[in-house]
Each structure stands twice: as structure tokens, then as C-alpha cells.
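Enquirer: What follows is structure.pdb, PDB, C-alpha atoms.
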```
ATOM      1  CA  MET A   1      29.500  -8.970   0.627
ATOM      2  CA  LYS A   2      27.215  -6.291  -0.745
ATOM      3  CA  LEU A   3      28.460  -6.854  -4.303
ATOM      4  CA  SER A   4      28.102 -10.619  -4.083
ATOM      5  CA  VAL A   5      24.559 -10.306  -2.745
ATOM      6  CA  PHE A   6      23.684  -7.942  -5.557
ATOM      7  CA  VAL A   7      25.162 -10.247  -8.172
ATOM      8  CA  LEU A   8      23.300 -13.200  -6.656
ATOM      9  CA  ALA A   9      19.957 -11.395  -6.639
ATOM     10  CA  GLY A  10      20.537  -9.993 -10.115
ATOM     11  CA  SER A  11      21.442 -13.405 -11.455
ATOM     12  CA  LEU A  12      18.111 -14.770 -10.191
ATOM     13  CA  LEU A  13      16.392 -13.067 -13.038
ATOM     14  CA  LEU A  14      19.038 -13.477 -15.739
ATOM     15  CA  PRO A  15      17.502 -16.606 -17.267
ATOM     16  CA  ALA A  16      14.568 -14.370 -18.068
ATOM     17  CA  ALA A  17      16.476 -12.733 -20.891
ATOM     18  CA  GLY A  18      16.829 -15.908 -22.908
ATOM     19  CA  ALA A  19      13.439 -17.339 -22.064
ATOM     20  CA  PHE A  20      11.587 -14.114 -22.746
ATOM     21  CA  ALA A  21      13.365 -13.439 -26.019
ATOM     22  CA  GLN A  22      11.013 -16.030 -27.462
ATOM     23  CA  GLY A  23       8.075 -14.500 -25.621
ATOM     24  CA  ILE A  24       6.428 -15.255 -22.343
ATOM     25  CA  ASN A  25       2.861 -16.263 -21.677
ATOM     26  CA  ASP A  26       0.519 -15.217 -18.895
ATOM     27  CA  ALA A  27       0.728 -18.606 -17.169
ATOM     28  CA  GLN A  28       4.526 -18.202 -16.906
ATOM     29  CA  ILE A  29       4.169 -14.612 -15.679
ATOM     30  CA  ALA A  30       1.721 -15.825 -13.019
ATOM     31  CA  ALA A  31       4.266 -18.400 -11.816
ATOM     32  CA  ILE A  32       7.017 -15.755 -11.678
ATOM     33  CA  VAL A  33       4.825 -13.294  -9.746
ATOM     34  CA  VAL A  34       3.717 -15.873  -7.188
ATOM     35  CA  THR A  35       7.262 -17.216  -6.733
ATOM     36  CA  ALA A  36       8.840 -13.763  -6.469
ATOM     37  CA  ASN A  37       6.410 -12.803  -3.718
ATOM     38  CA  GLN A  38       6.769 -16.106  -1.878
ATOM     39  CA  VAL A  39      10.573 -15.836  -1.883
ATOM     40  CA  ASP A  40      10.356 -12.465  -0.158
ATOM     41  CA  ILE A  41       7.711 -13.689   2.303
ATOM     42  CA  ASP A  42       9.995 -16.586   3.313
ATOM     43  CA  ALA A  43      12.987 -14.279   3.813
ATOM     44  CA  GLY A  44      10.754 -11.884   5.787
ATOM     45  CA  LYS A  45       9.555 -14.649   8.094
ATOM     46  CA  LEU A  46      13.142 -15.667   8.831
ATOM     47  CA  ALA A  47      14.159 -12.042   9.471
ATOM     48  CA  LYS A  48      11.195 -11.449  11.758
ATOM     49  CA  ALA A  49      12.085 -14.529  13.798
ATOM     50  CA  THR A  50      15.844 -13.884  13.860
ATOM     51  CA  SER A  51      16.531 -10.155  13.976
ATOM     52  CA  LYS A  52      16.635  -8.174  17.215
ATOM     53  CA  ASN A  53      16.633  -4.880  15.344
ATOM     54  CA  ALA A  54      13.171  -3.249  15.600
ATOM     55  CA  GLU A  55      13.500  -1.469  12.263
ATOM     56  CA  VAL A  56      14.504  -4.684  10.519
ATOM     57  CA  THR A  57      11.672  -6.715  12.037
ATOM     58  CA  LYS A  58       9.207  -3.935  11.145
ATOM     59  CA  PHE A  59      10.420  -4.036   7.543
ATOM     60  CA  ALA A  60      10.267  -7.843   7.521
ATOM     61  CA  GLN A  61       6.646  -7.748   8.708
ATOM     62  CA  LEU A  62       5.813  -5.238   5.980
ATOM     63  CA  MET A  63       7.321  -7.588   3.377
ATOM     64  CA  ILE A  64       5.277 -10.497   4.736
ATOM     65  CA  THR A  65       2.039  -8.476   4.765
ATOM     66  CA  ASP A  66       2.410  -6.718   1.412
ATOM     67  CA  HIS A  67       3.713  -9.666  -0.609
ATOM     68  CA  THR A  68       1.070 -11.941   0.910
ATOM     69  CA  GLY A  69      -1.556  -9.427  -0.207
ATOM     70  CA  VAL A  70      -0.107  -9.226  -3.723
ATOM     71  CA  ASN A  71      -0.017 -13.006  -3.942
ATOM     72  CA  LYS A  72      -3.634 -13.261  -2.865
ATOM     73  CA  SER A  73      -4.609 -10.788  -5.572
ATOM     74  CA  ALA A  74      -2.533 -12.635  -8.169
ATOM     75  CA  THR A  75      -3.970 -15.997  -7.144
ATOM     76  CA  ASP A  76      -7.541 -14.644  -7.196
ATOM     77  CA  LEU A  77      -6.938 -13.208 -10.654
ATOM     78  CA  VAL A  78      -5.447 -16.321 -12.241
ATOM     79  CA  THR A  79      -8.255 -18.377 -10.707
ATOM     80  CA  LYS A  80     -10.787 -16.003 -12.247
ATOM     81  CA  LEU A  81      -8.967 -16.152 -15.591
ATOM     82  CA  LYS A  82      -8.683 -19.946 -15.330
ATOM     83  CA  VAL A  83      -4.923 -19.685 -15.839
ATOM     84  CA  THR A  84      -2.736 -22.328 -14.213
ATOM     85  CA  PRO A  85       0.691 -20.917 -13.293
ATOM     86  CA  GLU A  86       3.298 -22.612 -15.476
ATOM     87  CA  ASP A  87       6.741 -23.291 -14.071
ATOM     88  CA  ASN A  88       9.603 -21.847 -16.105
ATOM     89  CA  PRO A  89      13.360 -21.213 -15.778
ATOM     90  CA  THR A  90      12.886 -17.753 -14.261
ATOM     91  CA  ALA A  91      10.424 -18.916 -11.610
ATOM     92  CA  GLN A  92      12.726 -21.839 -10.841
ATOM     93  CA  SER A  93      15.762 -19.544 -10.556
ATOM     94  CA  LEU A  94      13.867 -17.267  -8.224
ATOM     95  CA  LYS A  95      12.908 -20.220  -6.046
ATOM     96  CA  ASP A  96      16.449 -21.645  -5.982
ATOM     97  CA  GLY A  97      17.931 -18.227  -5.261
ATOM     98  CA  GLY A  98      15.452 -17.662  -2.457
ATOM     99  CA  GLU A  99      16.341 -20.979  -0.871
ATOM    100  CA  LYS A 100      20.082 -20.206  -1.124
ATOM    101  CA  ASN A 101      19.503 -16.816   0.453
ATOM    102  CA  VAL A 102      17.573 -18.302   3.374
ATOM    103  CA  THR A 103      20.275 -20.957   3.881
ATOM    104  CA  ALA A 104      23.004 -18.284   3.869
ATOM    105  CA  LEU A 105      21.049 -16.076   6.266
ATOM    106  CA  LYS A 106      20.487 -18.933   8.704
ATOM    107  CA  ALA A 107      24.249 -19.122   9.253
ATOM    108  CA  LEU A 108      24.336 -15.505  10.432
ATOM    109  CA  LYS A 109      23.339 -13.705  13.633
ATOM    110  CA  GLY A 110      22.998 -10.184  14.991
ATOM    111  CA  ALA A 111      24.234  -7.270  12.924
ATOM    112  CA  ALA A 112      25.730  -9.580  10.283
ATOM    113  CA  PHE A 113      22.310 -11.153   9.734
ATOM    114  CA  ASP A 114      20.577  -7.766   9.556
ATOM    115  CA  LYS A 115      23.075  -6.435   7.044
ATOM    116  CA  ALA A 116      22.923  -9.506   4.812
ATOM    117  CA  TYR A 117      19.109  -9.556   4.892
ATOM    118  CA  VAL A 118      18.763  -5.859   4.090
ATOM    119  CA  ASP A 119      21.477  -5.940   1.400
ATOM    120  CA  HIS A 120      19.669  -8.809  -0.264
ATOM    121  CA  GLU A 121      16.313  -7.016  -0.038
ATOM    122  CA  VAL A 122      17.782  -3.977  -1.823
ATOM    123  CA  ALA A 123      19.260  -6.103  -4.615
ATOM    124  CA  TYR A 124      16.223  -8.366  -4.846
ATOM    125  CA  HIS A 125      13.673  -5.556  -5.142
ATOM    126  CA  GLN A 126      15.839  -3.820  -7.728
ATOM    127  CA  ALA A 127      16.072  -7.051  -9.749
ATOM    128  CA  VAL A 128      12.327  -7.723  -9.454
ATOM    129  CA  LEU A 129      11.528  -4.158 -10.528
ATOM    130  CA  ASP A 130      13.781  -4.562 -13.574
ATOM    131  CA  ALA A 131      11.930  -7.750 -14.490
ATOM    132  CA  VAL A 132       8.535  -6.112 -13.918
ATOM    133  CA  ASP A 133       9.466  -3.188 -16.175
ATOM    134  CA  LYS A 134      11.384  -4.958 -18.905
ATOM    135  CA  THR A 135       9.678  -8.322 -19.083
ATOM    136  CA  LEU A 136       6.532  -8.915 -17.071
ATOM    137  CA  ILE A 137       4.475  -5.790 -17.849
ATOM    138  CA  PRO A 138       5.483  -5.722 -21.546
ATOM    139  CA  GLY A 139       4.932  -9.479 -21.800
ATOM    140  CA  ALA A 140       1.497  -9.716 -20.159
ATOM    141  CA  SER A 141      -1.273 -10.360 -22.690
ATOM    142  CA  ASN A 142      -4.277 -10.245 -20.399
ATOM    143  CA  ALA A 143      -5.285  -6.670 -19.531
ATOM    144  CA  ASP A 144      -6.199  -7.534 -15.928
ATOM    145  CA  LEU A 145      -2.860  -9.249 -15.331
ATOM    146  CA  LYS A 146      -1.004  -6.282 -16.820
ATOM    147  CA  ALA A 147      -3.103  -3.913 -14.676
ATOM    148  CA  LEU A 148      -2.285  -5.868 -11.520
ATOM    149  CA  LEU A 149       1.445  -5.634 -12.271
ATOM    150  CA  VAL A 150       1.159  -1.884 -12.870
ATOM    151  CA  LYS A 151      -0.890  -1.476  -9.685
ATOM    152  CA  VAL A 152       1.570  -3.256  -7.379
ATOM    153  CA  ARG A 153       4.763  -1.876  -8.952
ATOM    154  CA  PRO A 154       4.822   1.312  -6.790
ATOM    155  CA  ALA A 155       4.743  -0.821  -3.644
ATOM    156  CA  PHE A 156       7.922  -2.568  -4.805
ATOM    157  CA  VAL A 157       9.495   0.859  -5.323
ATOM    158  CA  ALA A 158       8.441   1.802  -1.781
ATOM    159  CA  HIS A 159       9.994  -1.421  -0.465
ATOM    160  CA  LEU A 160      13.227  -0.707  -2.341
ATOM    161  CA  GLU A 161      13.428   2.813  -0.902
ATOM    162  CA  HIS A 162      12.661   1.490   2.580
ATOM    163  CA  ALA A 163      15.371  -1.178   2.278
ATOM    164  CA  LYS A 164      17.875   1.398   0.999
ATOM    165  CA  HIS A 165      17.046   3.619   3.963
ATOM    166  CA  LEU A 166      17.754   0.733   6.352
ATOM    167  CA  GLN A 167      20.958  -0.030   4.467
ATOM    168  CA  SER A 168      22.195   3.555   4.829
ATOM    169  CA  MET A 169      21.286   3.598   8.546
ATOM    170  CA  MET A 170      23.309   0.445   9.091
ATOM    171  CA  SER A 171      26.356   1.758   7.290
ATOM    172  CA  LYS A 172      26.638   4.740   9.684
TER
ATOM    173  CA  MET B   1     -59.142  42.241  25.621
ATOM    174  CA  ASN B   2     -59.404  38.898  27.245
ATOM    175  CA  ARG B   3     -55.935  37.455  27.991
ATOM    176  CA  SER B   4     -57.047  33.872  27.612
ATOM    177  CA  SER B   5     -58.433  34.509  24.116
ATOM    178  CA  GLN B   6     -55.087  36.024  22.975
ATOM    179  CA  SER B   7     -52.843  33.151  24.110
ATOM    180  CA  PRO B   8     -53.495  30.678  21.277
ATOM    181  CA  ALA B   9     -52.851  33.396  18.675
ATOM    182  CA  ARG B  10     -49.642  34.475  20.373
ATOM    183  CA  PHE B  11     -48.481  30.885  20.655
ATOM    184  CA  ALA B  12     -49.180  30.257  16.967
ATOM    185  CA  ALA B  13     -47.274  33.413  15.992
ATOM    186  CA  ALA B  14     -44.320  32.477  18.183
ATOM    187  CA  LEU B  15     -44.286  28.972  16.779
ATOM    188  CA  GLY B  16     -44.360  30.310  13.233
ATOM    189  CA  LEU B  17     -41.478  32.659  13.968
ATOM    190  CA  LEU B  18     -39.466  29.837  15.503
ATOM    191  CA  MET B  19     -40.041  27.578  12.502
ATOM    192  CA  CYS B  20     -39.048  30.348  10.108
ATOM    193  CA  SER B  21     -35.859  31.040  12.006
ATOM    194  CA  MET B  22     -35.039  27.311  12.032
ATOM    195  CA  ALA B  23     -35.570  27.163   8.280
ATOM    196  CA  VAL B  24     -33.263  30.156   7.790
ATOM    197  CA  ALA B  25     -30.628  28.574  10.019
ATOM    198  CA  ALA B  26     -30.869  25.328   8.096
ATOM    199  CA  ALA B  27     -30.469  27.177   4.807
ATOM    200  CA  ALA B  28     -27.448  29.099   6.157
ATOM    201  CA  ALA B  29     -25.589  25.944   7.256
ATOM    202  CA  PRO B  30     -24.823  23.863   4.153
ATOM    203  CA  LYS B  31     -25.132  20.141   4.477
ATOM    204  CA  PRO B  32     -21.708  18.484   4.939
ATOM    205  CA  LYS B  33     -20.324  16.957   1.771
ATOM    206  CA  THR B  34     -18.671  13.566   1.548
ATOM    207  CA  HIS B  35     -15.356  13.374  -0.339
ATOM    208  CA  THR B  36     -13.637  10.157  -1.371
ATOM    209  CA  VAL B  37      -9.889   9.627  -1.607
ATOM    210  CA  THR B  38      -8.938   6.401  -3.330
ATOM    211  CA  ILE B  39      -5.843   4.522  -2.211
ATOM    212  CA  ASP B  40      -4.695   2.683  -5.305
ATOM    213  CA  GLY B  41      -1.291   1.760  -6.687
ATOM    214  CA  THR B  42       0.328   2.868  -3.415
ATOM    215  CA  ARG B  43      -0.926   6.425  -3.994
ATOM    216  CA  PHE B  44      -3.576   8.720  -2.545
ATOM    217  CA  GLN B  45      -5.895  10.005  -5.247
ATOM    218  CA  THR B  46      -6.747  12.903  -4.939
ATOM    219  CA  ALA B  47      -3.608  13.564  -2.945
ATOM    220  CA  ASP B  48      -4.322  17.261  -2.331
ATOM    221  CA  LEU B  49      -7.899  17.735  -1.173
ATOM    222  CA  SER B  50      -9.658  20.887   0.072
ATOM    223  CA  VAL B  51     -12.863  20.508   2.071
ATOM    224  CA  ALA B  52     -15.139  22.651   4.207
ATOM    225  CA  ARG B  53     -15.140  22.281   7.981
ATOM    226  CA  GLY B  54     -17.633  19.572   8.903
ATOM    227  CA  ASP B  55     -17.260  17.694   5.626
ATOM    228  CA  ILE B  56     -16.614  13.972   5.653
ATOM    229  CA  VAL B  57     -13.625  12.399   3.931
ATOM    230  CA  VAL B  58     -13.554   8.687   3.172
ATOM    231  CA  TRP B  59     -10.302   6.971   2.226
ATOM    232  CA  VAL B  60     -10.966   3.747   0.325
ATOM    233  CA  ASN B  61      -8.127   1.225   0.171
ATOM    234  CA  GLN B  62      -8.248  -0.512  -3.205
ATOM    235  CA  ASP B  63      -4.746  -1.977  -2.856
ATOM    236  CA  PRO B  64      -4.241  -5.627  -1.925
ATOM    237  CA  PHE B  65      -2.348  -4.692   1.260
ATOM    238  CA  PRO B  66      -2.915  -2.358   4.247
ATOM    239  CA  HIS B  67      -2.223   1.360   4.422
ATOM    240  CA  THR B  68      -2.696   4.132   6.973
ATOM    241  CA  VAL B  69      -3.778   7.765   6.715
ATOM    242  CA  THR B  70      -1.642   9.476   9.325
ATOM    243  CA  SER B  71      -1.349  13.225   9.836
ATOM    244  CA  LYS B  72       2.266  14.167  10.423
ATOM    245  CA  ALA B  73       1.294  16.805  12.983
ATOM    246  CA  GLY B  74      -0.987  14.402  14.828
ATOM    247  CA  GLY B  75      -4.342  15.737  13.621
ATOM    248  CA  PHE B  76      -5.688  12.314  12.694
ATOM    249  CA  ASP B  77      -4.573   8.723  12.327
ATOM    250  CA  SER B  78      -6.635   5.996  10.712
ATOM    251  CA  GLN B  79      -4.496   3.165  12.094
ATOM    252  CA  THR B  80      -4.447   0.163   9.744
ATOM    253  CA  ILE B  81      -6.880   0.260   6.825
ATOM    254  CA  ASP B  82      -6.933  -3.300   5.508
ATOM    255  CA  ALA B  83      -7.177  -4.189   1.825
ATOM    256  CA  GLY B  84     -10.637  -3.431   0.517
ATOM    257  CA  LYS B  85     -11.635  -1.440   3.627
ATOM    258  CA  SER B  86     -12.179   2.270   4.150
ATOM    259  CA  TRP B  87     -11.785   4.897   6.850
ATOM    260  CA  LYS B  88     -14.066   7.871   7.457
ATOM    261  CA  TYR B  89     -12.996  11.169   9.031
ATOM    262  CA  THR B  90     -15.077  14.236   9.806
ATOM    263  CA  ALA B  91     -12.957  17.319   9.193
ATOM    264  CA  VAL B  92     -13.717  19.158  12.404
ATOM    265  CA  LYS B  93     -10.540  21.195  12.691
ATOM    266  CA  ARG B  94      -9.558  23.922  10.238
ATOM    267  CA  GLY B  95      -6.034  23.893   8.832
ATOM    268  CA  GLU B  96      -3.638  22.183   6.488
ATOM    269  CA  PHE B  97      -2.842  18.591   7.340
ATOM    270  CA  PRO B  98      -0.060  16.833   5.430
ATOM    271  CA  TYR B  99      -0.376  13.094   5.895
ATOM    272  CA  VAL B 100       1.447   9.889   4.949
ATOM    273  CA  CYS B 101       0.990   6.153   5.039
ATOM    274  CA  ASN B 102       2.963   4.851   8.005
ATOM    275  CA  PHE B 103       3.742   1.630   6.139
ATOM    276  CA  HIS B 104       4.816   3.305   2.891
ATOM    277  CA  PRO B 105       6.151   6.760   3.868
ATOM    278  CA  MET B 106       6.695   7.723   0.230
ATOM    279  CA  MET B 107       2.885   7.938  -0.028
ATOM    280  CA  SER B 108       1.781  11.421   0.904
ATOM    281  CA  GLY B 109      -1.240  13.670   0.713
ATOM    282  CA  THR B 110      -2.619  16.891   2.160
ATOM    283  CA  LEU B 111      -6.049  17.593   3.592
ATOM    284  CA  ARG B 112      -6.967  21.317   3.650
ATOM    285  CA  VAL B 113      -9.910  22.130   5.885
ATOM    286  CA  LYS B 114     -11.317  25.636   5.220
TER
END
```
Could you take the file, read its structure, and then write that structure out as C-alpha cells?

Expert:
Amino acid sequence: MKLSVFVLAGSLLLPAAGAFAQGINDAQIAAIVVTANQVDIDAGKLAKATSKNAEVTKFAQLMITDHTGVNKSATDLVTKLKVTPEDNPTAQSLKDGGEKNVTALKALKGAAFDKAYVDHEVAYHQAVLDAVDKTLIPGASNADLKALLVKVRPAFVAHLEHAKHLQSMMSK
Amino acid sequence: MNRSSQSPARFAAALGLLMCSMAVAAAAAPKPKTHTVTIDGTRFQTADLSVARGDIVVWVNQDPFPHTVTSKAGGFDSQTIDAGKSWKYTAVKRGEFPYVCNFHPMMSGTLRVK
């Protein structure tokens, strides 16, 4: 289960390799950032409504709050820069993957739900961090957009560590 | 000597002495300083801050999401500091106070009150 979740989350960002080999523009990066945050907000809302585990619901609320804040910042910035987010294969894959994850989670309950949600959060944050480091930050042309990505990156690391902590608690 | 004629002079001398002593006291007690810790990029900057007792510390949240400034030993707790907001604390108690953000426990800092 854990491996399949990891592969699924990792594969969400695989189209990036081909698309970004030819370069990526700021409008595409904006679409990826907004989608990546929204995917995690949606999963967080489901987890908050479904889980009975206090630690899981606390984490889910943190994901909703933080990613909503990042999205507001990103949206404010692209509005200021007059950049219209441009859909692209990576943003689309993220969206599709997020929808599949939510559908899969809806079929689960109790501890099975908690484990699947947390496993996916670990894999997802790792995959997003890889994309931030290897593609989005190096690919951003606008200095403010690059700065925003650098600024929010440590929060994603904190989320990953938090999710890993939950994962290790659940495996005991 | 007439007592009533001495009173105004004595009063003036006493008042002068009092004002001098107040001025000395004011000079001896330095005015509290205000220190700013920026919360940016999910980090406290400066993370390790030394202040004098009575100084004011202001944590300014420049991140797009909330944080807290929470002393592990229970010395102080800001509760939620929303994005763009700040929290002010007067360092009344001497000591070393390690603190974290309750939402992002990997964020840590230390306030040293001398």
C-alpha cells in the first residue's frame, strides 16, 4: 500500500521532466503551484471530516490553513504581475492524481483511512519538494515568484516531517 | 528665626532634592529597548536573542500562514499569530526560554532575558 501510494504521488510530477526539458514559463509555474496547494487542501478537508484521530485531524487542518495561505500569496502575486496561470501537463497530472487520491480515500474508514491519507501526504510532499527544487525554483524567471517559492519551501519540509512523524506513530 | 519665613525655603530645597533624586533614578534605569524577531520562511530570525529584563520583543509574522511563539517551559505563549500580524511580549522574567512554533515544531528559537 505504502509503495503504491508513493509511486502514485511520485508519478504525479513525472510529466514535468519532459515538459520542463524544453523550459517552463512563470504562467505554467503559477498553475502548478496553485494546483499543488489546492490538491492538498482538498485532501485535508476530506481527512478533517472523516478521521477520528485527533493528530490526523490536527495535521489536516494545518494543511488546509498553510496551503490556503500559500495559495493566497501566489494568487496575489500573479495578479500583481498580471500573469494568468497557464494549464500544463504537470498541473493537470497533479489535479487528476488529487482527484484519484480523494476517490480512493473515500472508500476507506478508520485506521485504514488515516494510514492511507498520511502515507499519501508523505509521498506527496516529497514529490512536491522534488519539483520545487529541481524544476520550479530553477525555472522561475520572475524574481518575486522565485522568492515566494524559496520562502514557502521550508513549510513543505515541515509538513513532510510532520507527516513522517504521524506515519511512524501509526506503524507502532 | 521666624518659622513661617523659613518654610518656603525649606520646601524649595526639599523639592529640588526630590527632583534631583528622580533624575538620578531615571538615569540609572535605562529605557526598555524594543527588539524585533522576524518570522519568515518558516524560521525565527534572529532565532537566538538576548535582551535585558523589561525589554520588549516583537515577533512579526511575514509568512503567508499562521505561527505561534510558544515557550516550551510555559514562560509565554503567543497563541496564533496570523499572517502579516505580530505579537509583543515584555520580558519580565529573567532566564533562558527555548521556544517553538506549535504548528511547525521544527521552528525553534531561544529568548535569553538577562

Enquirer: Taking all atoms listed in the file into account, produce a table as CSV in which each residue of chain A with an atom at most 9 Å from an atom of chain B appears once, together with its shortest atom pair and the distance in Å to one decimal, ordered by chain and rising number.

Expert:
```
residue,atom,partner,partner_atom,distance
A:Phe59,CA,B:Phe103,CA,8.9
A:Leu62,CA,B:Phe103,CA,7.2
A:Thr65,CA,B:Phe65,CA,6.8
A:Asp66,CA,B:Phe65,CA,5.2
A:His67,CA,B:Phe65,CA,8.1
A:Thr68,CA,B:Phe65,CA,8.0
A:Gly69,CA,B:Pro64,CA,5.0
A:Val70,CA,B:Pro64,CA,5.8
A:Asn71,CA,B:Pro64,CA,8.7
A:Lys72,CA,B:Pro64,CA,7.7
A:Ser73,CA,B:Pro64,CA,6.3
A:Val150,CA,B:Gly41,CA,7.6
A:Lys151,CA,B:Gly41,CA,4.4
A:Val152,CA,B:Gly41,CA,5.8
A:Arg153,CA,B:Gly41,CA,7.4
A:Pro154,CA,B:Thr42,CA,5.8
A:Ala155,CA,B:Thr42,CA,5.8
A:Ala158,CA,B:His104,CA,6.1
A:His159,CA,B:His104,CA,7.8
A:Glu161,CA,B:Met106,CA,8.4
A:His162,CA,B:His104,CA,8.1
```

Enquirer: Go ahead and save the picked residues with C-alpha atoms, as a tab-separated table (two decimals), in the frame of the given file.

Expert:
```tsv
chain	number	residue	atom	x	y	z
A	59	PHE	CA	10.42	-4.04	7.54
A	62	LEU	CA	5.81	-5.24	5.98
A	65	THR	CA	2.04	-8.48	4.76
A	66	ASP	CA	2.41	-6.72	1.41
A	67	HIS	CA	3.71	-9.67	-0.61
A	68	THR	CA	1.07	-11.94	0.91
A	69	GLY	CA	-1.56	-9.43	-0.21
A	70	VAL	CA	-0.11	-9.23	-3.72
A	71	ASN	CA	-0.02	-13.01	-3.94
A	72	LYS	CA	-3.63	-13.26	-2.86
A	73	SER	CA	-4.61	-10.79	-5.57
A	150	VAL	CA	1.16	-1.88	-12.87
A	151	LYS	CA	-0.89	-1.48	-9.68
A	152	VAL	CA	1.57	-3.26	-7.38
A	153	ARG	CA	4.76	-1.88	-8.95
A	154	PRO	CA	4.82	1.31	-6.79
A	155	ALA	CA	4.74	-0.82	-3.64
A	158	ALA	CA	8.44	1.80	-1.78
A	159	HIS	CA	9.99	-1.42	-0.46
A	161	GLU	CA	13.43	2.81	-0.90
A	162	HIS	CA	12.66	1.49	2.58
```

Enquirer: I need the residue set behind the PyMOL selection byres ((chain A and resi 35-39) around 7) for this file; please write it as a PDB file with C-alpha atoms, in the coordinates of the input.

Expert:
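The new file result.pdb reads:
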```
ATOM      1  CA  ALA A  31       4.266 -18.400 -11.816  1.00  0.00           C
ATOM      2  CA  ILE A  32       7.017 -15.755 -11.678  1.00  0.00           C
ATOM      3  CA  VAL A  33       4.825 -13.294  -9.746  1.00  0.00           C
ATOM      4  CA  VAL A  34       3.717 -15.873  -7.188  1.00  0.00           C
ATOM      5  CA  ASP A  40      10.356 -12.465  -0.158  1.00  0.00           C
ATOM      6  CA  ILE A  41       7.711 -13.689   2.303  1.00  0.00           C
ATOM      7  CA  ASP A  42       9.995 -16.586   3.313  1.00  0.00           C
ATOM      8  CA  ALA A  43      12.987 -14.279   3.813  1.00  0.00           C
ATOM      9  CA  HIS A  67       3.713  -9.666  -0.609  1.00  0.00           C
ATOM     10  CA  ASN A  71      -0.017 -13.006  -3.942  1.00  0.00           C
ATOM     11  CA  ALA A  91      10.424 -18.916 -11.610  1.00  0.00           C
ATOM     12  CA  LEU A  94      13.867 -17.267  -8.224  1.00  0.00           C
ATOM     13  CA  LYS A  95      12.908 -20.220  -6.046  1.00  0.00           C
ATOM     14  CA  GLY A  98      15.452 -17.662  -2.457  1.00  0.00           C
TER      15      GLY A  98
END
```

Enquirer: Using the chain letters and residue numbers of this document, give as a list in words the residues selected by the PyMOL selection byres ((chain A and resi 167) around 12).

Expert: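 That expression, the PyMOL selection byres ((chain A and resi 167) around 12), corresponds here to Lys2, Glu55, Val56, Phe59, Ala111, Asp114, Lys115, Ala116, Tyr117, Val118, Asp119, His120, Glu121, Val122, Ala123, Leu160, Glu161, His162, Ala163, Lys164, His165, Leu166, Ser168, Met169, Met170, Ser171 and Lys172 of chain A.
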
Enquirer: Given the selection you just returned, output its residues as a file containing C-alpha atoms, formatted as a compact mmCIF listing (two decimals), keeping the file's coordinate frame.

Expert:
```txt
# COMPACT_ATOMS: atom_id res chain seq x y z
CA LYS A 2 27.22 -6.29 -0.74
CA GLU A 55 13.50 -1.47 12.26
CA VAL A 56 14.50 -4.68 10.52
CA PHE A 59 10.42 -4.04 7.54
CA ALA A 111 24.23 -7.27 12.92
CA ASP A 114 20.58 -7.77 9.56
CA LYS A 115 23.08 -6.44 7.04
CA ALA A 116 22.92 -9.51 4.81
CA TYR A 117 19.11 -9.56 4.89
CA VAL A 118 18.76 -5.86 4.09
CA ASP A 119 21.48 -5.94 1.40
CA HIS A 120 19.67 -8.81 -0.26
CA GLU A 121 16.31 -7.02 -0.04
CA VAL A 122 17.78 -3.98 -1.82
CA ALA A 123 19.26 -6.10 -4.62
CA LEU A 160 13.23 -0.71 -2.34
CA GLU A 161 13.43 2.81 -0.90
CA HIS A 162 12.66 1.49 2.58
CA ALA A 163 15.37 -1.18 2.28
CA LYS A 164 17.88 1.40 1.00
CA HIS A 165 17.05 3.62 3.96
CA LEU A 166 17.75 0.73 6.35
CA SER A 168 22.20 3.56 4.83
CA MET A 169 21.29 3.60 8.55
CA MET A 170 23.31 0.44 9.09
CA SER A 171 26.36 1.76 7.29
CA LYS A 172 26.64 4.74 9.68
```

Enquirer: Which residue gives the smallest distance to Ala27 of chain A among A:Gly110, A:Gly139, A:Gly97, A:Gly44, with all atoms listed in the file counted?

Expert: A:Gly139

Enquirer: Set the distance at 9 Å and use all atoms listed in the file: which residues neighbour Ile81 of chain B once local chain neighbours fewer than 4 positions away are removed? I'd like the list as a ChimeraX atom specification.

Expert: /B:59-61,65-69,85-87
